[in-house]
>>> print(open('start32.cif').read())   # mmCIF, C-alpha atoms
data_input
#
loop_
_atom_site.label_atom_id
_atom_site.label_comp_id
_atom_site.auth_asym_id
_atom_site.auth_seq_id
_atom_site.Cartn_x
_atom_site.Cartn_y
_atom_site.Cartn_z
CA MET A 29 -39.98 -22.12 -35.92
CA LYS A 30 -38.62 -20.77 -32.68
CA LEU A 31 -34.97 -19.77 -32.74
CA PRO A 32 -32.73 -19.89 -29.66
CA PRO A 33 -32.56 -16.65 -27.70
CA ALA A 34 -29.80 -14.29 -28.74
CA PRO A 35 -26.91 -13.69 -26.33
CA ASP A 36 -27.49 -10.75 -23.97
CA THR A 37 -25.86 -7.39 -24.62
CA GLY A 38 -23.11 -7.97 -22.08
CA SER A 39 -22.18 -11.29 -23.68
CA ARG A 40 -22.06 -9.69 -27.12
CA TYR A 41 -19.77 -6.89 -25.90
CA ARG A 42 -17.54 -9.43 -24.17
CA GLY A 43 -17.44 -11.68 -27.23
CA THR A 44 -16.71 -8.75 -29.53
CA ALA A 45 -13.88 -7.57 -27.29
CA LEU A 46 -12.35 -11.05 -27.20
CA ALA A 47 -12.59 -11.44 -30.99
CA LEU A 48 -10.77 -8.12 -31.41
CA VAL A 49 -8.16 -9.22 -28.84
CA ALA A 50 -7.61 -12.44 -30.81
CA MET A 51 -7.07 -10.60 -34.10
CA ALA A 52 -4.83 -7.99 -32.52
CA SER A 53 -2.82 -10.78 -30.88
CA VAL A 54 -2.38 -12.61 -34.20
CA GLN A 55 -1.13 -9.49 -35.96
CA THR A 56 1.01 -8.31 -33.03
CA GLY A 57 2.53 -11.78 -32.88
CA ALA A 58 3.41 -11.55 -36.55
CA GLY A 59 4.81 -8.05 -36.12
CA THR A 60 6.82 -9.10 -33.06
CA SER A 61 8.18 -12.12 -34.90
CA SER A 62 9.45 -9.88 -37.71
CA HIS A 63 12.00 -8.40 -35.28
CA LEU A 64 13.62 -11.85 -35.11
CA PHE A 65 13.91 -12.31 -38.87
CA ASP A 66 17.35 -10.72 -39.16
CA LYS A 67 18.74 -12.87 -36.35
CA PHE A 68 17.09 -16.22 -37.12
CA THR A 69 15.57 -15.84 -40.65
CA PRO A 70 11.80 -16.10 -41.22
CA ALA A 71 11.98 -19.92 -41.33
CA GLY A 72 13.96 -20.08 -38.09
CA THR A 73 11.57 -17.66 -36.41
CA ALA A 74 8.56 -19.72 -37.54
CA TRP A 75 10.10 -22.89 -36.12
CA LEU A 76 10.95 -21.21 -32.81
CA ARG A 77 7.42 -19.90 -32.37
CA LEU A 78 5.77 -23.19 -33.27
CA THR A 79 8.12 -25.13 -30.98
CA TRP A 80 7.35 -22.83 -28.05
CA ALA A 81 3.63 -23.25 -28.72
CA ALA A 82 3.95 -27.03 -28.98
CA VAL A 83 5.79 -27.28 -25.65
CA VAL A 84 3.34 -25.04 -23.79
CA LEU A 85 0.24 -26.67 -25.26
CA TRP A 86 1.56 -30.19 -24.67
CA LEU A 87 2.21 -29.38 -21.01
CA LEU A 88 -1.26 -27.87 -20.65
CA ALA A 89 -3.26 -30.48 -22.56
CA ARG A 90 -1.20 -33.67 -22.01
CA PRO A 91 -3.00 -35.41 -24.90
CA ARG A 92 -3.36 -39.19 -24.70
CA LEU A 93 -2.79 -40.85 -28.05
CA ARG A 94 -2.77 -44.48 -26.91
CA GLY A 95 -5.91 -46.23 -28.02
CA ARG A 96 -7.04 -43.36 -30.26
CA ASP A 97 -8.07 -44.05 -33.85
CA ARG A 98 -5.05 -43.68 -36.15
CA ARG A 99 -7.09 -41.68 -38.63
CA GLU A 100 -7.89 -39.10 -35.96
CA VAL A 101 -4.22 -38.79 -35.04
CA GLY A 102 -3.36 -38.59 -38.73
CA THR A 103 -5.81 -35.73 -39.23
CA ALA A 104 -4.27 -33.81 -36.32
CA LEU A 105 -0.79 -34.40 -37.75
CA LEU A 106 -1.94 -33.25 -41.19
CA LEU A 107 -3.41 -30.11 -39.61
CA GLY A 108 -0.02 -29.51 -38.00
CA ALA A 109 1.80 -29.93 -41.30
CA VAL A 110 -0.53 -27.44 -42.97
CA SER A 111 -0.22 -25.02 -40.02
CA GLY A 112 3.56 -25.20 -40.12
CA LEU A 113 3.78 -24.55 -43.85
CA LEU A 114 1.17 -21.78 -43.53
CA THR A 115 3.27 -20.05 -40.88
CA LEU A 116 6.44 -20.46 -42.92
CA LEU A 117 4.89 -19.03 -46.07
CA TYR A 118 3.26 -16.16 -44.19
CA PHE A 119 6.54 -15.12 -42.55
CA GLU A 120 8.34 -15.30 -45.89
CA ALA A 121 5.64 -12.97 -47.26
CA VAL A 122 5.82 -10.53 -44.32
CA VAL A 123 9.57 -10.09 -44.76
CA ARG A 124 8.98 -8.99 -48.38
CA ILE A 125 5.70 -7.06 -48.40
CA PRO A 126 3.83 -4.94 -45.80
CA LEU A 127 2.06 -6.80 -42.98
CA GLY A 128 -1.39 -5.47 -43.94
CA THR A 129 -0.92 -6.48 -47.57
CA ALA A 130 0.31 -9.96 -46.64
CA THR A 131 -2.63 -10.44 -44.28
CA ALA A 132 -5.17 -9.27 -46.87
CA LEU A 133 -3.77 -11.65 -49.48
CA GLU A 134 -3.65 -14.50 -46.95
CA PHE A 135 -7.28 -13.75 -46.06
CA LEU A 136 -8.28 -14.84 -49.58
CA GLY A 137 -8.00 -18.42 -48.28
CA PRO A 138 -10.88 -18.36 -45.80
CA LEU A 139 -12.77 -16.00 -48.10
CA GLY A 140 -12.51 -18.61 -50.86
CA VAL A 141 -13.82 -21.33 -48.53
CA ALA A 142 -16.83 -19.16 -47.65
CA VAL A 143 -17.54 -18.12 -51.25
CA ALA A 144 -17.34 -21.74 -52.46
CA GLY A 145 -20.51 -22.53 -50.53
CA LEU A 146 -22.57 -19.65 -51.97
CA ARG A 147 -25.05 -20.38 -54.76
CA ARG A 148 -26.89 -17.12 -55.57
CA ARG A 149 -25.84 -15.20 -58.66
CA ILE A 150 -25.55 -11.95 -56.75
CA ASP A 151 -22.88 -13.50 -54.54
CA VAL A 152 -20.40 -13.33 -57.42
CA LEU A 153 -20.04 -9.74 -56.22
CA TRP A 154 -17.85 -10.85 -53.29
CA PRO A 155 -15.08 -12.63 -55.24
CA LEU A 156 -15.12 -9.76 -57.75
CA THR A 157 -14.73 -7.27 -54.89
CA ALA A 158 -11.87 -9.34 -53.48
CA ALA A 159 -10.22 -9.52 -56.92
CA ALA A 160 -10.39 -5.73 -57.21
CA GLY A 161 -8.81 -5.53 -53.76
CA VAL A 162 -5.97 -7.82 -54.83
CA LEU A 163 -5.31 -5.67 -57.89
CA ALA A 164 -5.17 -2.55 -55.71
CA LEU A 165 -2.84 -4.29 -53.24
CA THR A 166 -0.40 -5.71 -55.76
CA ARG A 167 -0.63 -3.00 -58.49
CA PRO A 168 0.81 -5.27 -61.20
CA TRP A 169 0.72 -2.38 -63.69
CA SER A 170 3.29 -0.45 -61.63
CA GLY A 171 6.08 -2.98 -62.05
CA GLU A 172 6.97 -2.52 -58.37
CA VAL A 173 5.21 -5.57 -56.95
CA ASP A 174 7.36 -8.12 -55.11
CA LEU A 175 6.23 -11.25 -56.92
CA ALA A 176 7.92 -13.56 -54.42
CA GLY A 177 6.17 -11.87 -51.49
CA VAL A 178 2.79 -12.04 -53.24
CA GLY A 179 3.41 -15.70 -54.14
CA PHE A 180 4.25 -16.60 -50.54
CA ALA A 181 1.14 -14.76 -49.30
CA LEU A 182 -1.09 -16.59 -51.78
CA GLY A 183 0.50 -19.88 -50.72
CA ALA A 184 -0.36 -18.96 -47.13
CA ALA A 185 -3.93 -18.26 -48.29
CA ALA A 186 -4.20 -21.80 -49.65
CA GLY A 187 -2.78 -23.08 -46.36
CA TRP A 188 -5.33 -21.09 -44.34
CA ALA A 189 -8.17 -22.60 -46.39
CA GLY A 190 -6.85 -26.09 -45.65
CA TYR A 191 -6.39 -25.15 -42.00
CA ILE A 192 -10.07 -24.19 -41.69
CA LEU A 193 -11.32 -27.45 -43.20
CA LEU A 194 -8.97 -29.62 -41.12
CA THR A 195 -9.62 -27.69 -37.89
CA LYS A 196 -13.32 -28.56 -38.12
CA ARG A 197 -12.47 -32.26 -38.25
CA VAL A 198 -9.87 -32.13 -35.48
CA GLY A 199 -12.16 -30.04 -33.28
CA ALA A 200 -14.85 -32.70 -33.59
CA GLN A 201 -12.44 -35.55 -32.81
CA PHE A 202 -10.45 -34.11 -29.89
CA THR A 203 -11.56 -32.45 -26.69
CA GLY A 204 -9.97 -29.39 -25.11
CA LEU A 205 -6.54 -28.43 -26.40
CA GLY A 206 -5.43 -31.99 -27.20
CA GLY A 207 -5.81 -31.73 -30.95
CA LEU A 208 -4.07 -28.36 -31.05
CA ALA A 209 -1.16 -29.71 -28.99
CA VAL A 210 -0.66 -32.64 -31.39
CA SER A 211 -0.91 -30.38 -34.43
CA MET A 212 1.59 -27.85 -33.04
CA ALA A 213 4.10 -30.65 -32.39
CA ALA A 214 3.69 -31.74 -36.01
CA ALA A 215 4.04 -28.12 -37.20
CA SER A 216 7.32 -27.82 -35.32
CA ALA A 217 8.60 -31.04 -36.90
CA VAL A 218 7.60 -30.00 -40.43
CA THR A 219 9.36 -26.63 -40.22
CA LEU A 220 12.50 -28.05 -38.54
CA PRO A 221 14.35 -28.83 -41.81
CA PHE A 222 14.05 -25.18 -42.88
CA ALA A 223 14.94 -23.65 -39.52
CA GLY A 224 18.73 -23.88 -39.37
CA VAL A 225 18.81 -25.00 -35.73
CA GLY A 226 22.58 -24.68 -35.49
CA HIS A 227 22.35 -21.04 -36.54
CA ILE A 228 19.55 -20.43 -34.02
CA VAL A 229 21.51 -21.96 -31.14
CA GLY A 230 24.60 -19.97 -32.07
CA HIS A 231 22.73 -16.66 -32.14
CA MET A 232 20.36 -17.17 -29.22
CA ASP A 233 20.54 -14.64 -26.39
CA PRO A 234 18.21 -13.80 -23.45
CA GLN A 235 16.41 -11.05 -25.38
CA ALA A 236 15.73 -13.26 -28.40
CA PHE A 237 14.71 -16.12 -26.09
CA ALA A 238 12.11 -13.94 -24.38
CA LEU A 239 10.88 -12.38 -27.63
CA SER A 240 10.36 -15.76 -29.29
CA ALA A 241 8.40 -16.97 -26.25
CA LEU A 242 6.26 -13.81 -26.37
CA ALA A 243 5.59 -14.35 -30.08
CA ALA A 244 4.35 -17.89 -29.36
CA LEU A 245 2.06 -16.59 -26.62
CA LEU A 246 0.62 -13.97 -28.97
CA LEU A 247 0.13 -16.53 -31.74
CA PRO A 248 -1.39 -19.14 -31.44
CA ILE A 249 -1.94 -19.65 -27.69
CA LEU A 250 -3.72 -16.41 -26.69
CA PRO A 251 -5.80 -16.04 -29.91
CA TYR A 252 -7.04 -19.63 -29.72
CA ALA A 253 -8.23 -19.17 -26.13
CA ALA A 254 -9.81 -15.78 -26.89
CA GLU A 255 -11.60 -17.09 -29.99
CA MET A 256 -12.93 -20.10 -28.10
CA VAL A 257 -14.49 -17.90 -25.41
CA ALA A 258 -15.70 -15.33 -27.98
CA LEU A 259 -17.61 -18.04 -29.86
CA ARG A 260 -19.45 -18.90 -26.65
CA ASN A 261 -20.70 -15.32 -26.39
CA LEU A 262 -21.37 -14.44 -30.05
CA PRO A 263 -23.34 -15.92 -32.95
CA THR A 264 -20.70 -17.28 -35.29
CA THR A 265 -22.00 -15.15 -38.16
CA VAL A 266 -21.17 -12.07 -36.09
CA PHE A 267 -17.83 -13.63 -35.15
CA GLY A 268 -17.03 -14.31 -38.81
CA THR A 269 -17.91 -10.75 -39.75
CA LEU A 270 -15.60 -9.42 -37.06
CA MET A 271 -12.78 -11.68 -38.26
CA SER A 272 -13.07 -10.02 -41.68
CA LEU A 273 -11.47 -6.98 -40.05
CA GLU A 274 -8.14 -8.79 -39.67
CA PRO A 275 -6.50 -7.30 -42.81
CA ALA A 276 -7.32 -3.81 -41.51
CA ILE A 277 -5.94 -4.66 -38.07
CA GLY A 278 -2.79 -6.01 -39.74
CA THR A 279 -2.36 -2.66 -41.47
CA VAL A 280 -2.65 -0.77 -38.16
CA VAL A 281 -0.19 -3.11 -36.43
CA GLY A 282 2.23 -2.80 -39.35
CA PHE A 283 2.05 0.98 -39.08
CA VAL A 284 2.57 1.02 -35.29
CA LEU A 285 5.18 -1.73 -34.86
CA LEU A 286 6.96 -1.70 -38.21
CA ALA A 287 6.42 1.90 -39.42
CA GLU A 288 4.79 0.59 -42.61
CA GLN A 289 2.79 3.34 -44.32
CA PRO A 290 0.28 1.92 -46.84
CA SER A 291 -0.39 3.83 -50.03
CA TRP A 292 -3.91 4.91 -50.98
CA ALA A 293 -4.09 2.00 -53.43
CA GLN A 294 -3.05 -0.50 -50.75
CA SER A 295 -5.51 0.96 -48.24
CA THR A 296 -8.28 0.71 -50.83
CA GLY A 297 -7.34 -2.90 -51.53
CA ILE A 298 -7.47 -3.81 -47.84
CA VAL A 299 -10.90 -2.19 -47.52
CA LEU A 300 -12.18 -4.10 -50.57
CA VAL A 301 -10.95 -7.47 -49.26
CA THR A 302 -12.48 -6.72 -45.84
CA VAL A 303 -15.84 -5.78 -47.40
CA ALA A 304 -15.76 -8.95 -49.52
CA GLY A 305 -15.22 -11.03 -46.37
CA MET A 306 -18.09 -9.38 -44.52
CA GLY A 307 -20.40 -9.76 -47.51
CA ALA A 308 -19.57 -13.45 -47.91
CA VAL A 309 -20.26 -14.14 -44.24
CA ARG A 310 -23.63 -12.40 -44.29
CA SER A 311 -24.64 -14.07 -47.56
CA GLU A 312 -23.68 -17.45 -46.13
CA ALA A 313 -25.95 -16.88 -43.14
CA ARG A 314 -28.91 -15.70 -45.25
CA GLN A 315 -28.52 -18.63 -47.64
CA ALA A 316 -28.77 -21.13 -44.78
CA LEU A 317 -32.12 -19.80 -43.51
CA PRO A 318 -34.53 -21.35 -46.05
CA ASP A 319 -33.18 -24.85 -45.47
CA LEU A 320 -33.78 -24.90 -41.74
CA ASP A 321 -36.24 -27.14 -39.97
CA PRO A 322 -36.77 -27.52 -36.19
CA LYS A 323 -34.27 -30.39 -36.05
CA GLN A 324 -31.50 -28.46 -37.78
CA LYS A 325 -29.09 -25.96 -36.36
CA THR A 326 -29.48 -22.25 -36.97
CA PRO A 327 -26.98 -20.49 -39.24
CA ASP A 328 -25.28 -19.11 -36.14
CA GLU A 329 -24.92 -22.63 -34.71
CA GLN A 330 -23.61 -23.94 -38.02
CA GLY A 331 -21.01 -21.22 -38.06
CA SER A 332 -19.29 -19.26 -40.75
CA GLN A 333 -16.29 -20.58 -42.63
CA LEU A 334 -14.48 -17.32 -41.96
CA VAL A 335 -12.85 -18.18 -38.67
CA GLY A 336 -9.52 -17.25 -37.19
CA ARG A 337 -6.42 -19.33 -36.94
#
>>> encode(input="start32.cif", output="structure tokens")
Amino acid sequence: MKLPPAPDTGSRYRGTALALVAMASVQTGAGTSSHLFDKFTPAGTAWLRLTWAAVVLWLLARPRLRGRDRREVGTALLLGAVSGLLTLLYFEAVVRIPLGTATALEFLGPLGVAVAGLRRRIDVLWPLTAAAGVLALTRPWSGEVDLAGVGFALGAAAGWAGYILLTKRVGAQFTGLGGLAVSMAAASAVTLPFAGVGHIVGHMDPQAFALSALAALLLPILPYAAEMVALRNLPTTVFGTLMSLEPAIGTVVGFVLLAEQPSWAQSTGIVLVTVAGMGAVRSEARQALPDLDPKQKTPDEQGSQLVGR
């Protein structure tokens, strides 16, 4: 069987750079948003960011819903509800535990989606590696773990898993940014009851206005565009492997923006979760090879489950 030619070296470098930009943007957006927590609360900050994103994306995409199948619209709205709750839970985690730790725990969601499709006995190594990473991150034996922060991060992990599965369906049903625009509008609506709009309006100033707009640009607008272009230049197995670096990038951003210094145990945990993600992606690609025939897609065309938000 003849496989499609691999992207040229320049395309791979470009795709790799864009994937790294996307991850850095996600984590910088989260770190930037944390500066608004004291003024607007995590829930208010989440709503502000999602509302900014919804407005910008709606103006760019101008999605037409008239005449579209109600089930397709419903899927986009459900994706928005999941995205909104995911953002809310993640911000509630970040305010309680370090950014790198929250990101590593949240990453268990897409890791779980990837591992669920693996069938070889040896692949049990990846969830065991991730479990060891979680133990190192949370250190339950120390009695110092913030259970609420860990709980919110694990809730965000479940949300990220649902986000991945729903994004595949919405991406197949909508063209361009239309599906994302609809889902962001729904995310804004879902988080509105928790936001405290009156408090936000009363405490809004030019600096907070600009910072909230910047946070929305950093997440999700810029990462989505960067990931979309990166996937055109990289095999998705490579892309998924790169995305496994996000917990490590979150740790670096937390150190630079928030002066969060991880302990050796936390650093070890982040490394273990990252390695588990990379291993699951590569195992997923190898597992797909024997089932291919000339009419099927390659593993790179099928894509890894470990994708960014």
>>> residues_around(input="start32.cif", residues="range 103-113 of chain A", least_positions_apart="6", cutoff="10 Å", atoms="only C-alpha atoms", output="VMD selection string")
chain A and resid 71 74 to 75 78 119 183 to 184 186 to 195 197 to 199 201 to 202 206 to 220 337
>>> residues_around(input="start32.cif", residues="Phe267 in chain A", least_positions_apart="5", cutoff="8 Å", atoms="all atoms listed in the file", output="PyMOL selection string")
chain A and resi 44+47+258-259+262+335
>>> closest_residue(input="start32.cif", among="A:Leu64, A:Met271, A:Leu116, A:Ala241", to="Glu255 in chain A", atoms="only C-alpha atoms")
A:Met271
>>> residues_around(input="start32.cif", residues="Ile249 in chain A", least_positions_apart="4", cutoff="8 Å", atoms="all atoms listed in the file", output="ChimeraX atom specification")
/A:81,85,244-245,253
>>> resolve_selection(input="start32.cif", expression="the PyMOL selection byres ((chain A and resi 129-146) around 7)", output="PyMOL selection string")
chain A and resi 121-122+125-128+147-148+151+162+165+181-182+184-186+188-189+275+278+298+301+305+308-309+312+333-334
>>> atom_distance(input="start32.cif", atom1="CA of Thr296 in chain A", atom2="CA of Ala160 in chain A")
9.3 Å
>>> closest_residue(input="start32.cif", among="A:Glu274, A:Phe283, A:Pro234, A:Thr265", to="Arg314 in chain A", atoms="all atoms listed in the file")
A:Thr265
>>> atom_distance(input="start32.cif", atom1="CA of Leu93 in chain A", atom2="CA of Ala200 in chain A")
15.6 Å
>>> closest_residue(input="start32.cif", among="A:Thr69, A:Gln294, A:Ser39, A:Ser53", to="Gly224 in chain A", atoms="all atoms listed in the file")
A:Thr69
>>> residues_around(input="start32.cif", residues="Thr73 in chain A", least_positions_apart="6", cutoff="9 Å", atoms="all atoms listed in the file", output="list of chain:residue names")
A:Ser61, A:Ser62, A:Leu64, A:Phe65, A:Lys67, A:Leu116, A:Phe119, A:Ala223, A:Ile228, A:Ser240
>>> atom_distance(input="start32.cif", atom1="CA of Met232 in chain A", atom2="CA of Thr79 in chain A")
14.7 Å
>>> axis_aligned_box(input="start32.cif", around="range 152-155 of chain A", padding_each_side="8 Å", output="JSON")
{"center_x": -17.7, "center_y": -11.5, "center_z": -55.4, "size_x": 21.3, "size_y": 19.6, "size_z": 20.1}
>>> residues_around(input="start32.cif", residues="Leu46 in chain A", least_positions_apart="2", cutoff="8 Å", atoms="all atoms listed in the file", output="VMD selection string")
chain A and resid 42 to 44 48 to 50 254 to 255 257 to 258
